[in-house]
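Chemist: Handing you a structure now.
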Amino acid sequence: MTLNIEQYMTDIGQRARLASRAMARADTAIKNQALLLIAAAIRRDADTLRAANQQDLAAARANGLSEALLDRLTLSDKAIATMAEGLEQIVALADPIGEISNMKFRPSGIQVGQMRVPLGVIGIIYEARPNVTVDAAGLCIKSGNTTILRGGSEAIHCNQALAKLVKQGLAEAGLPQDAVQVVETTDRAAVGALITMPEYVDVIVPRGGKGLIERLIKESKVPMIKHLDGICHVYIDDKADLQKALDIAFNAKCHRYGTCNTMETLLVANDIAAEVLPQLAALYQTKEVELRGDAASCHILAGYPWLKAAVQEDWSTEYLAPILAVKIVSGLDEAIVHINTYSSQHTDAIVSEDYSRAMRFLREVDSASVMVNASTRFADGFEYGLGAEIGISNDKLHARGPVGLEGLTSLKYVVLGQGQVRQ
């Protein structure tokens with residue numbers, strides 16, 4: 001029997017919209033109970049989740065997926081524990097829903113303020129990352145939203161196993177199971193339907209490759225919270241602590257290659273390049289990282305086994321691989337100009353012991369996360385104390401950077417009066 005995608009997605013949308021009314025009024029204690037039940041189920045059924053993940057990994061290898069995608073797809077023991085811990089962190093966070101702020105008396109005697117409310121129904125489209133299923137579900141539950149999750153076909157078995165646990169937790173807590181729905185078909189037409197249902201879906205959050213995001217930008221009729229690329233920079237200033245610079249520049253590139261907060265371009269101040277680059281190259285050589293350098297850095301790094309001359313395209317490429325662009329700059333001014341020219345406004349970092357330069361970098365680099373003396377790999381909702389993240393946005397509206405609970409809410413005006421009428 002052929003599935004009618006339009007009817008299937010319409011049914012999901014209608015059920016999500018209906019469930020959103022119950023979630024918007026759900027008590028904090030009940031939402032927290034659901035999250036704790038889901039976390040306990042993830043730990044309890046870890047073996048089942050690993051088995052489902054192995055099915056997905058076997059199929060992915062057979063289909064020739066890249067090592068970067070396999071890394072994203074793998075659900076390790078640590079990843080399973082982190083999913084459960086992330087839910088427990090969300091429980092510990094204050095519930096933003098219903099919070100009233102900025103109440104002020106007006107000359108008429110009325111009080112005017114703002115109340116934080118859920119966005120409603122959030123459609124999330126993601127590829128090869130089963131942990132997103134739990135992170136997104138947890139954040140949406142706590143923020144009083146419902147969500148429709150469309151994971152990649154690569155993770156279908158794992159996503160379905162996780163969805164089962166999420167629905168059990170919701171039901172046991174007395175919340176509608178339709179608050180979290182995983183699209184069960186891998187047909188790409190389901191994405192097309194999801195992004196063209198503004199009557200049922202309030203926001204789309206895409207988490208995937210550049211091709212997916214570009215498609216959604218063209219076709220979506222629903223507002224999006226998104227980012228296209230993670231072209232992240234680390235600038236090593238001539239006032240940097242050398243050991244900090246080595247540790248940060250190595251970690252930012254080599255901790256994981258396939259993530260959007262991995263460094264893709266290293267900038268080094270000219271005055272310390274001859275000292276720091278050979279030491280960094282020795283570290284990168286242990287991981288067989290290919291370096292693509294400008295003329296000055298190629299001169300210093302002559303003899304490095306995986307060295308190529310950079311071309312213009314390298315400064316604007318997200319490799320998601322053991323490849324790093326390297327450029328020597330005259331100093332802070334040139335570094336900031338380069339970053340603001342080529343960065344995807346995701347995450348950029350400076351390594352420097354000079355306070356004034358660090359503050360200039362924070363002010364003048366126009367990115368969602370800007371860091372001083374820290375690896376770009378920290379640009380993450382879990383690391384930022386958000387419990388988890390629904391995605392990272394390098395847009396400026398409606399949310400920017402890792403999107404946690406508050407990013408999944410909106411504000412409405414509330415007015416308190418005592419019978420006032422306008423004169």
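Going by the structure tokens order, chains are called A, B, ..., each with residues numbered from 1, while ligands are numbered from 1 in the order shown.
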Report as JSON lines: every residue of segment 121-207 of chain A with an atom at most 9 Å from segment 59-69 of chain A, its closest pair of atoms, and their distance in Å to one decimal, counting only C-alpha atoms, with rows sorted by chain and ascending residue number.

Modeler:
{"residue": "A:Glu127", "atom": "CA", "partner": "A:Leu69", "partner_atom": "CA", "distance": 8.7}
{"residue": "A:Ala128", "atom": "CA", "partner": "A:Leu69", "partner_atom": "CA", "distance": 6.6}
{"residue": "A:Arg129", "atom": "CA", "partner": "A:Leu69", "partner_atom": "CA", "distance": 8.6}
{"residue": "A:Glu154", "atom": "CA", "partner": "A:Ala60", "partner_atom": "CA", "distance": 6.2}
{"residue": "A:Ala155", "atom": "CA", "partner": "A:Ala60", "partner_atom": "CA", "distance": 8.8}

Chemist: With distances taken over only C-alpha atoms, which of A:Phe250, A:Val134, A:Arg360, A:Leu73 is nearest to Ile156 of chain A?

Modeler: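 Ranked by minimum distance to Ile156 of chain A, first place goes to A:Leu73.
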
Chemist: Pull the helix (DSSP H, G or I) assignments for segment 252-332 of chain A out of DSSP run on the backbone, and list those residues as a ChimeraX atom specification.

Modeler: /A:252-254,270-285,295-300,312-316,332

Chemist: Which residues in segment 323-401 of chain A does DSSP call strand (DSSP E)? List them as a list in words.

Modeler: Ile323, Leu324, Ala325, Val326, Lys327, Ile328, Val329, Thr347, Asp348, Ala349, Ile350, Val351, Ser369, Val370, Met371, Val372, Ile392, Ser393 and Gly401 of chain A

Chemist: Using only C-alpha atoms, which protein or nucleic acid residues come within 7 Å of segment 109-114 of chain A? Drop anything in the same chain fewer than 3 positions from it, and give the result as a list in words.

Modeler: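 Residues meeting the cut-off are Ile100, Ser101, Asn102, Met103, Lys104, Phe105, Arg106, Leu411, Lys412, Tyr413, Val414, Val415, Leu416 and Gly417 of chain A.
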
Chemist: Any idea what's packed within 8 Å of segment 273-282 of chain A, counting only C-alpha atoms, ignoring anything in its chain fewer than 2 positions away? Could you give it as a list in words?

Modeler: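 In the requested format, the answer is Leu242, Leu246, Ala249, Phe250, Val268, Ala269, Asn270, Asp271, Tyr284, Gln285, Thr286, Ser297, Ile300, Leu301, Tyr304 and Ile328 of chain A.
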
Chemist: At a cut-off of 7 Å, using only C-alpha atoms, what residues contact segment 161-171 of chain A? Leave out same-chain residues fewer than 3 positions from it and give the result as an mmCIF file with C-alpha atoms, in the first residue's frame.

Modeler:
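Contents of result-v9.cif, freshly written:
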data_model
loop_
_atom_site.group_PDB
_atom_site.id
_atom_site.type_symbol
_atom_site.label_atom_id
_atom_site.label_comp_id
_atom_site.auth_asym_id
_atom_site.auth_seq_id
_atom_site.Cartn_x
_atom_site.Cartn_y
_atom_site.Cartn_z
ATOM 1 C CA ALA A 34 7.749 13.507 31.922
ATOM 2 C CA LEU A 37 10.622 9.434 33.155
ATOM 3 C CA ILE A 38 12.155 9.727 29.678
ATOM 4 C CA ALA A 41 13.847 5.025 30.280
ATOM 5 C CA LEU A 49 19.034 1.888 21.778
ATOM 6 C CA HIS A 157 15.707 2.740 13.662
ATOM 7 C CA CYS A 158 17.314 4.681 16.504
ATOM 8 C CA GLY A 174 -0.436 12.526 31.836
ATOM 9 C CA LEU A 175 0.613 14.606 28.833
ATOM 10 C CA PRO A 176 -0.549 13.992 25.248
ATOM 11 C CA GLN A 177 1.656 11.539 23.352
ATOM 12 C CA VAL A 182 8.541 11.327 14.849
#

Chemist: Skip segment 337-346 of chain A itself and residues of its chain fewer than 6 positions away, then list as a PDB file with N, CA and C atoms, in the first residue's frame all residues within 6 Å of it, counting only C-alpha atoms.

Modeler:
ATOM      1  N   ASP A 229      26.212  27.443   7.584  1.00  0.00           N
ATOM      2  CA  ASP A 229      27.561  26.894   7.698  1.00  0.00           C
ATOM      3  C   ASP A 229      28.111  27.103   9.100  1.00  0.00           C
ATOM      4  N   GLY A 230      29.150  26.320   9.411  1.00  0.00           N
ATOM      5  CA  GLY A 230      29.917  26.555  10.623  1.00  0.00           C
ATOM      6  C   GLY A 230      31.363  26.832  10.248  1.00  0.00           C
ATOM      7  N   ILE A 231      31.610  27.973   9.634  1.00  0.00           N
ATOM      8  CA  ILE A 231      32.982  28.346   9.270  1.00  0.00           C
ATOM      9  C   ILE A 231      33.557  29.135  10.447  1.00  0.00           C
ATOM     10  N   SER A 316      36.356  30.215   2.739  1.00  0.00           N
ATOM     11  CA  SER A 316      34.901  30.189   2.929  1.00  0.00           C
ATOM     12  C   SER A 316      34.341  28.767   2.838  1.00  0.00           C
ATOM     13  N   SER A 367      29.512  37.572  15.289  1.00  0.00           N
ATOM     14  CA  SER A 367      29.113  36.171  15.254  1.00  0.00           C
ATOM     15  C   SER A 367      28.207  35.849  16.433  1.00  0.00           C
ATOM     16  N   ALA A 368      27.506  34.720  16.334  1.00  0.00           N
ATOM     17  CA  ALA A 368      26.550  34.343  17.369  1.00  0.00           C
ATOM     18  C   ALA A 368      27.244  34.003  18.686  1.00  0.00           C
ATOM     19  N   ASN A 394      22.712  31.144  13.423  1.00  0.00           N
ATOM     20  CA  ASN A 394      23.543  32.323  13.154  1.00  0.00           C
ATOM     21  C   ASN A 394      22.736  33.405  12.453  1.00  0.00           C
TER      22      ASN A 394
END

Chemist: Return as CSV the residues of segment 29-123 of chain A lying at most 7 Å from segment 184-204 of chain A, together with the closest atom-to-atom pair for each and the distance in Å to one decimal, counting only C-alpha atoms, with rows in chain order and ascending residue number.

Modeler:
residue,atom,partner,partner_atom,distance
A:Leu119,CA,A:Asp202,CA,6.7
A:Gly120,CA,A:Asp202,CA,6.1
A:Val121,CA,A:Val201,CA,5.0
A:Ile122,CA,A:Val203,CA,4.9
A:Gly123,CA,A:Ile204,CA,4.7

Chemist: From the options A:Gln243, A:Ser393, A:Ser330, A:Ser20, which residue's atoms come nearest to Pro206 of chain A, counting only C-alpha atoms?

Modeler: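 Closest candidate: A:Ser393.
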
Chemist: May I have the residues within 7 Å of Thr376 of chain A as a PyMOL selection string, using only C-alpha atoms and disregarding those fewer than 6 positions away in the same chain?

Modeler: chain A and resi 252+261-263+347-349

Chemist: For the residues in the current selection, export N, CA and C atoms as a PDB file, in the first residue's frame.

Modeler:
ATOM      1  N   ALA A 252      40.124  22.722  19.054  1.00  0.00           N
ATOM      2  CA  ALA A 252      39.078  23.301  18.211  1.00  0.00           C
ATOM      3  C   ALA A 252      38.983  22.590  16.862  1.00  0.00           C
ATOM      4  N   ASN A 261      30.723  23.495  15.124  1.00  0.00           N
ATOM      5  CA  ASN A 261      31.540  24.403  15.937  1.00  0.00           C
ATOM      6  C   ASN A 261      33.017  24.045  15.889  1.00  0.00           C
ATOM      7  N   THR A 262      33.412  23.219  14.925  1.00  0.00           N
ATOM      8  CA  THR A 262      34.821  22.876  14.717  1.00  0.00           C
ATOM      9  C   THR A 262      35.519  23.998  13.959  1.00  0.00           C
ATOM     10  N   MET A 263      36.736  24.350  14.384  1.00  0.00           N
ATOM     11  CA  MET A 263      37.503  25.377  13.679  1.00  0.00           C
ATOM     12  C   MET A 263      37.817  24.924  12.258  1.00  0.00           C
ATOM     13  N   THR A 347      30.721  30.804  15.257  1.00  0.00           N
ATOM     14  CA  THR A 347      31.568  30.881  16.451  1.00  0.00           C
ATOM     15  C   THR A 347      32.991  31.240  16.056  1.00  0.00           C
ATOM     16  N   ASP A 348      33.556  32.221  16.730  1.00  0.00           N
ATOM     17  CA  ASP A 348      34.933  32.631  16.479  1.00  0.00           C
ATOM     18  C   ASP A 348      35.618  32.972  17.791  1.00  0.00           C
ATOM     19  N   ALA A 349      36.931  32.673  17.867  1.00  0.00           N
ATOM     20  CA  ALA A 349      37.652  32.801  19.133  1.00  0.00           C
ATOM     21  C   ALA A 349      38.981  33.511  18.949  1.00  0.00           C
TER      22      ALA A 349
END
